[in-house]
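Peer 1: Before I ask anything, here is the structure I am working with.
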Amino acid sequence: MKTMVSFLLLLLAAGNLPGQTSVTTTPRIIHQNGRHALLVDGEPFFILGGQAHNSSAWPGMLPEVWQAAEKLHLNTLELPIYWEQIEPHPGQFDFSLVDTLLTQARAHKVRLVLLWFGTWKNASNHYMPEWMKRDPAKYPNVIGEKGDWIDSPSPFPEATLQADTKAFSSVMHHLAKADPRHTVIMVQVENEPGTWGSVRDYSPAAQKLFEGAVPARLLEPAVLNQLPHEASSGSWREVFGKNADEYFHAWSVASYIGKVAAAGRQENALPLYINVALRDPLSNPGPGNYESGGATDNVLAIYKAAAPAIDILAPDIYLSGNEKVLKVLELYGRSDNPLFVPETIPGAVYAKYIYAVLAHGGIGFSPCGIDDNGRDSPDSVITARLTPVGEEYRTLAPMMRELAKWAFEGKITAVVEDENHGPQTIDLGNWQATVNFGGFGRGEGLPPNAQPVGKMMIIRLSEDKFIAIGTHSRITFKPTGKSSGRPWQYLKVEEGHFENGIFKPLRILNGDETDWGGPYFGNKPRVLEISLVLR
């Protein structure tokens, strides 16, 4: 009860209470005790998302996108908007594409996250308008250490910054007028910004700044103490030693984006985020092995200091292996950074991480490239790619608001199957749950899953009552603490589903469905409400 009262008071302070919705309620992110929630229409919202391919937001491609969105059962579609289309001539803006996306999203009753392909798209400037590409002297690229031309925009030219700031501000201004119902709930500012092929810009303008003093904001103890450093003042090399080049580039790119974002926020207060091309989170690789200047895990403090107008630094997860992926979720789910996974791989192996994101208190999850993108792939290929995530979304959608609230309150725990397929445990206070992964069978020795696709999520409703959702696994319990070793039994196990946030029982499970190693979860998500009792 105390947690619920606290949550309602926080919503009241934010100007939102459940049921108090209006077209003027701008989506926002709230924070409490190091946890975060995204509010949409004044209530907690978890993004069950999907992202279209880069070149699929054009009107002629959208029918295919909406077909994929329907298969996925998503509530939010991520779609790019293109600087080259929006500003075909200097200062002349065309928002017809944005208006088309708004109209069609409303017709399909889906929210939007718009992706601003502006100065950076995957480290390059390929979405800049033609009139900028034709004038490389005014809008230059990065110069490498040996004087070579790098296919990445420099963050230093004032002309480039002013042009992007004006264009992005115009987009946000248009959204404020054209979207009073907030079909758009969040906006990505740039796309995987940074540079491949050079650790930083070595142009004369960049070199002069690099040899100058480190900005005071970065030298504040709360920021500096998060970074390896050799001095508390001086030049970049004096303060940061071997990391100076990378930190300088991260500060420069982040400062640029922070200015663009701040200008856009003056026009429209929607949440803003940057997506990130990751580095290996375990091996601590050196610069040159990943995109330099982006918000990789080693420079998160720099980005937070340089770009306060950005709400979220969001990891694009294409890494493989549980250990790496779960480490990324840990690194980006910070007390000062809501966890949002805006891009990952469709399919069963990555679908399990929806549960892990919720357990980390995250606000959303989205596979990338959900549409066929004109490839003419067989329906079976598209279905195989989308179905594992779609089945999860179909199950979670009717309880999405509750999941978002439970994630914010820290009531969700989860395990995802490792590559060794071994059992895992979940601490539930007075109880411990053990999850075994594998196919249907009685007791121990379940046939192993062919791939590590099993998962289990548990929501703690009270000391002895839980909701369990999972696939390809079996769960059992035992008492802990002072009650450890005592006999126990299932008081009631009900299978059902959620409708409008309410659990609707289908049947009570007993006998063979609970007695042989605990309830079983098959290849489709299953929702159980489980009550336990000591004997």
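In the structure tokens, each chain is lettered A, B, ... as it comes, each chain's residues begin at 1, and ligands are numbered from 1 in order of appearance.
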Assign secondary structure with DSSP using the backbone only, and return the residues of segment 219-276 of chain A in helix (DSSP H, G or I) as a ChimeraX atom specification.
Peer 2: /A:219,221-224,236-267
Peer 1: Considering only C-alpha atoms, return as a list of chain:residue names whatever protein or nucleic-acid residues lie within 9 Å of Pro452 of chain A, sequence-local ones (same chain, fewer than 5 positions apart) excluded.
Peer 2: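 Within the cut-off, the hits are A:Ala348, A:Val349, A:Val416, A:Glu417, A:Asp418, A:Glu419, A:Asn420, A:His421, A:Phe437.
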Peer 1: How would the residues just picked look written out with N, CA, C and O atoms as a short mmCIF file (atom, residue, chain, number, x, y, z; two decimals), in the first residue's frame?
Peer 2:
data_model
loop_
_atom_site.label_atom_id
_atom_site.label_comp_id
_atom_site.auth_asym_id
_atom_site.auth_seq_id
_atom_site.Cartn_x
_atom_site.Cartn_y
_atom_site.Cartn_z
N ALA A 348 13.30 -15.51 -31.78
CA ALA A 348 13.06 -16.11 -30.48
C ALA A 348 14.20 -15.87 -29.49
O ALA A 348 13.96 -15.65 -28.30
N VAL A 349 15.45 -15.92 -29.96
CA VAL A 349 16.57 -15.79 -29.04
C VAL A 349 16.59 -14.42 -28.38
O VAL A 349 16.93 -14.29 -27.20
N VAL A 416 16.51 -15.40 -18.00
CA VAL A 416 16.48 -15.79 -19.41
C VAL A 416 17.50 -16.91 -19.60
O VAL A 416 18.57 -16.91 -18.97
N GLU A 417 17.16 -17.86 -20.44
CA GLU A 417 17.97 -19.05 -20.59
C GLU A 417 19.37 -18.72 -21.12
O GLU A 417 19.52 -18.00 -22.10
N ASP A 418 20.37 -19.28 -20.45
CA ASP A 418 21.76 -19.09 -20.86
C ASP A 418 22.13 -20.13 -21.91
O ASP A 418 21.40 -21.08 -22.16
N GLU A 419 23.29 -19.92 -22.51
CA GLU A 419 23.75 -20.84 -23.54
C GLU A 419 24.04 -22.24 -23.00
O GLU A 419 24.04 -23.21 -23.75
N ASN A 420 24.26 -22.36 -21.69
CA ASN A 420 24.50 -23.69 -21.12
C ASN A 420 23.21 -24.38 -20.68
O ASN A 420 23.25 -25.51 -20.18
N HIS A 421 22.06 -23.70 -20.84
CA HIS A 421 20.73 -24.24 -20.58
C HIS A 421 20.50 -24.62 -19.12
O HIS A 421 19.54 -25.32 -18.80
N PHE A 437 14.89 -25.01 -17.78
CA PHE A 437 14.57 -24.74 -19.17
C PHE A 437 14.57 -26.03 -19.97
O PHE A 437 15.47 -26.86 -19.84
#
Peer 1: Wanna dump the segment 143-229 of chain A-segment 249-268 of chain A contacts at 9 Å for me, each residue with its shortest atom pair and the distance in Å to one decimal, counting only C-alpha atoms, ordered by chain and number, as CSV?
Peer 2:
residue,atom,partner,partner_atom,distance
A:Ser154,CA,A:Val253,CA,8.4
A:Pro155,CA,A:Val253,CA,5.6
A:Phe156,CA,A:Ser252,CA,7.4
A:Leu161,CA,A:Tyr256,CA,6.8
A:Gln162,CA,A:Val260,CA,8.4
A:Asp164,CA,A:Val260,CA,6.8
A:Thr165,CA,A:Val260,CA,4.7
A:Lys166,CA,A:Ala263,CA,8.1
A:Phe168,CA,A:Gly264,CA,6.0
A:Ser169,CA,A:Gly264,CA,4.3
A:Ser170,CA,A:Gly264,CA,7.7
A:Val171,CA,A:Gly264,CA,7.9
A:Met172,CA,A:Asn268,CA,5.6
A:His173,CA,A:Glu267,CA,5.0
A:His174,CA,A:Glu267,CA,8.6
A:Leu175,CA,A:Asn268,CA,7.5
A:Ala176,CA,A:Asn268,CA,5.8
A:Val189,CA,A:Ala261,CA,6.7
A:Glu190,CA,A:Ile257,CA,7.6
A:Pro193,CA,A:Val253,CA,7.4
A:Gly194,CA,A:Val253,CA,6.8
A:Thr195,CA,A:His249,CA,8.9
A:Val199,CA,A:His249,CA,7.3
A:Arg200,CA,A:His249,CA,5.2
A:Asp201,CA,A:His249,CA,7.2
A:Leu218,CA,A:Trp251,CA,8.7
Peer 1: Excluding Leu339 of chain A and any residue of its chain fewer than 2 positions from it, enumerate the residues within 7 Å of it, using only C-alpha atoms, and give them as a list in words.
Peer 2: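 So, after excluding close chain neighbours, the residues are Ala314, Tyr332, Gly333, Asn337, Val341, Gly362 and Ile363 of chain A.
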Peer 1: Choose the residue, out of A:Ala167, A:Leu97, A:Lys109, A:Ala305, that has the smallest atom-to-atom separation from Pro215 of chain A; count only C-alpha atoms.
Peer 2: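 Checking each candidate against Pro215 of chain A, we get A:Ala305 as the closest.
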Peer 1: Show me, as number ranges by chain, the residues that have an atom within 8 Å of Leu270 of chain A when counting only C-alpha atoms, minus same-chain residues fewer than 4 positions from it.
Peer 2: A: 26-28, 185-187, 265
Peer 1: Those selected residues, please, written with N, CA, C and O atoms and delivered as a PDB file, in the first residue's frame.
Peer 2:
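Result written to result_0.pdb:
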ATOM      1  N   THR A  26       1.343  15.915 -22.256  1.00  0.00           N
ATOM      2  CA  THR A  26       2.526  15.548 -23.035  1.00  0.00           C
ATOM      3  C   THR A  26       3.204  14.339 -22.412  1.00  0.00           C
ATOM      4  O   THR A  26       3.389  14.292 -21.192  1.00  0.00           O
ATOM      5  N   PRO A  27       3.585  13.348 -23.205  1.00  0.00           N
ATOM      6  CA  PRO A  27       4.360  12.234 -22.649  1.00  0.00           C
ATOM      7  C   PRO A  27       5.597  12.749 -21.931  1.00  0.00           C
ATOM      8  O   PRO A  27       6.227  13.721 -22.352  1.00  0.00           O
ATOM      9  N   ARG A  28       5.940  12.080 -20.854  1.00  0.00           N
ATOM     10  CA  ARG A  28       7.102  12.502 -20.082  1.00  0.00           C
ATOM     11  C   ARG A  28       7.677  11.312 -19.321  1.00  0.00           C
ATOM     12  O   ARG A  28       7.021  10.273 -19.187  1.00  0.00           O
ATOM     13  N   ILE A 185       5.181   9.788 -29.154  1.00  0.00           N
ATOM     14  CA  ILE A 185       5.435   9.794 -27.717  1.00  0.00           C
ATOM     15  C   ILE A 185       6.907  10.021 -27.384  1.00  0.00           C
ATOM     16  O   ILE A 185       7.240  10.265 -26.220  1.00  0.00           O
ATOM     17  N   MET A 186       7.773   9.965 -28.375  1.00  0.00           N
ATOM     18  CA  MET A 186       9.198  10.165 -28.132  1.00  0.00           C
ATOM     19  C   MET A 186       9.888  10.399 -29.473  1.00  0.00           C
ATOM     20  O   MET A 186       9.383   9.977 -30.513  1.00  0.00           O
ATOM     21  N   VAL A 187      11.046  11.060 -29.432  1.00  0.00           N
ATOM     22  CA  VAL A 187      11.790  11.367 -30.655  1.00  0.00           C
ATOM     23  C   VAL A 187      13.261  11.026 -30.444  1.00  0.00           C
ATOM     24  O   VAL A 187      13.849  11.374 -29.414  1.00  0.00           O
ATOM     25  N   ARG A 265      13.523  20.971 -27.884  1.00  0.00           N
ATOM     26  CA  ARG A 265      12.696  20.909 -26.668  1.00  0.00           C
ATOM     27  C   ARG A 265      12.021  22.244 -26.382  1.00  0.00           C
ATOM     28  O   ARG A 265      10.955  22.274 -25.750  1.00  0.00           O
TER      29      ARG A 265
END
Peer 1: Give me the residues near Glu70 of chain A as a ChimeraX atom specification, where near means some atom within 12 Å (using only C-alpha atoms) and where sequence neighbours in that chain fewer than 3 positions away do not count.
Peer 2: /A:49-50,63-67,73-77,105,108-110,370-371,383,386-387,389-391,393-394
Peer 1: From the set A:Ser484, A:Thr344, A:Ile459, A:Ile382, which residue has the shortest atom-to-atom contact distance to Trp406 of chain A, counting only C-alpha atoms?
Peer 2: A:Ile459
Peer 1: Atom CA of Asn125 of chain A and atom CA of Pro281 of chain A are how many Å apart?
Peer 2: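 Straight-line distance from atom CA of Asn125 of chain A to atom CA of Pro281 of chain A works out to 26.7 Å.
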Peer 1: Return the single residue from A:Arg535, A:Gly91, A:Val357, A:Ala295 that is closest to Pro487 of chain A, with distances computed using only C-alpha atoms.
Peer 2: A:Arg535
Peer 1: Excluding Pro153 of chain A and its own-chain neighbours fewer than 3 positions away, which residues fall within 7 Å of it when counting only C-alpha atoms? Please give them as a list in words.
Peer 2: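 Once the nearby chain positions are removed, what remains is Thr119, Ser124, Asn125, Pro140, Asn141 and Val142 of chain A.
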Peer 1: Output the selection as a CSV table (one decimal), in the first residue's frame - N, CA, C and O atoms for each residue.
Peer 2:
chain,number,residue,atom,x,y,z
A,119,THR,N,22.1,15.0,-38.9
A,119,THR,CA,23.6,15.1,-39.2
A,119,THR,C,24.2,13.7,-39.2
A,119,THR,O,25.0,13.4,-40.0
A,124,SER,N,27.6,8.4,-40.3
A,124,SER,CA,27.7,9.1,-41.6
A,124,SER,C,26.7,10.3,-41.7
A,124,SER,O,25.8,10.4,-40.9
A,125,ASN,N,26.9,11.1,-42.7
A,125,ASN,CA,26.0,12.2,-43.0
A,125,ASN,C,25.1,12.0,-44.2
A,125,ASN,O,24.8,13.0,-44.9
A,140,PRO,N,31.8,20.4,-43.5
A,140,PRO,CA,32.9,19.4,-43.7
A,140,PRO,C,32.7,18.1,-42.9
A,140,PRO,O,32.0,18.0,-42.0
A,141,ASN,N,33.5,17.1,-43.4
A,141,ASN,CA,33.6,15.9,-42.7
A,141,ASN,C,34.8,15.8,-41.7
A,141,ASN,O,35.6,16.8,-41.7
A,142,VAL,N,34.9,14.8,-41.0
A,142,VAL,CA,36.0,14.6,-40.1
A,142,VAL,C,37.3,14.4,-40.9
A,142,VAL,O,37.2,13.7,-42.0
Peer 1: May I ask for the distance between atom CA of Arg181 of chain A and atom CA of Ala397 of chain A, given in Å to one decimal place?
Peer 2: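 These two atoms are separated by 20.6 Å.
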Peer 1: Could you please determine the separation between atom CA of Val453 of chain A and atom CA of Ala384 of chain A in Å, to one decimal place?
Peer 2: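 Separation of atom CA of Val453 of chain A and atom CA of Ala384 of chain A: 14.0 Å.
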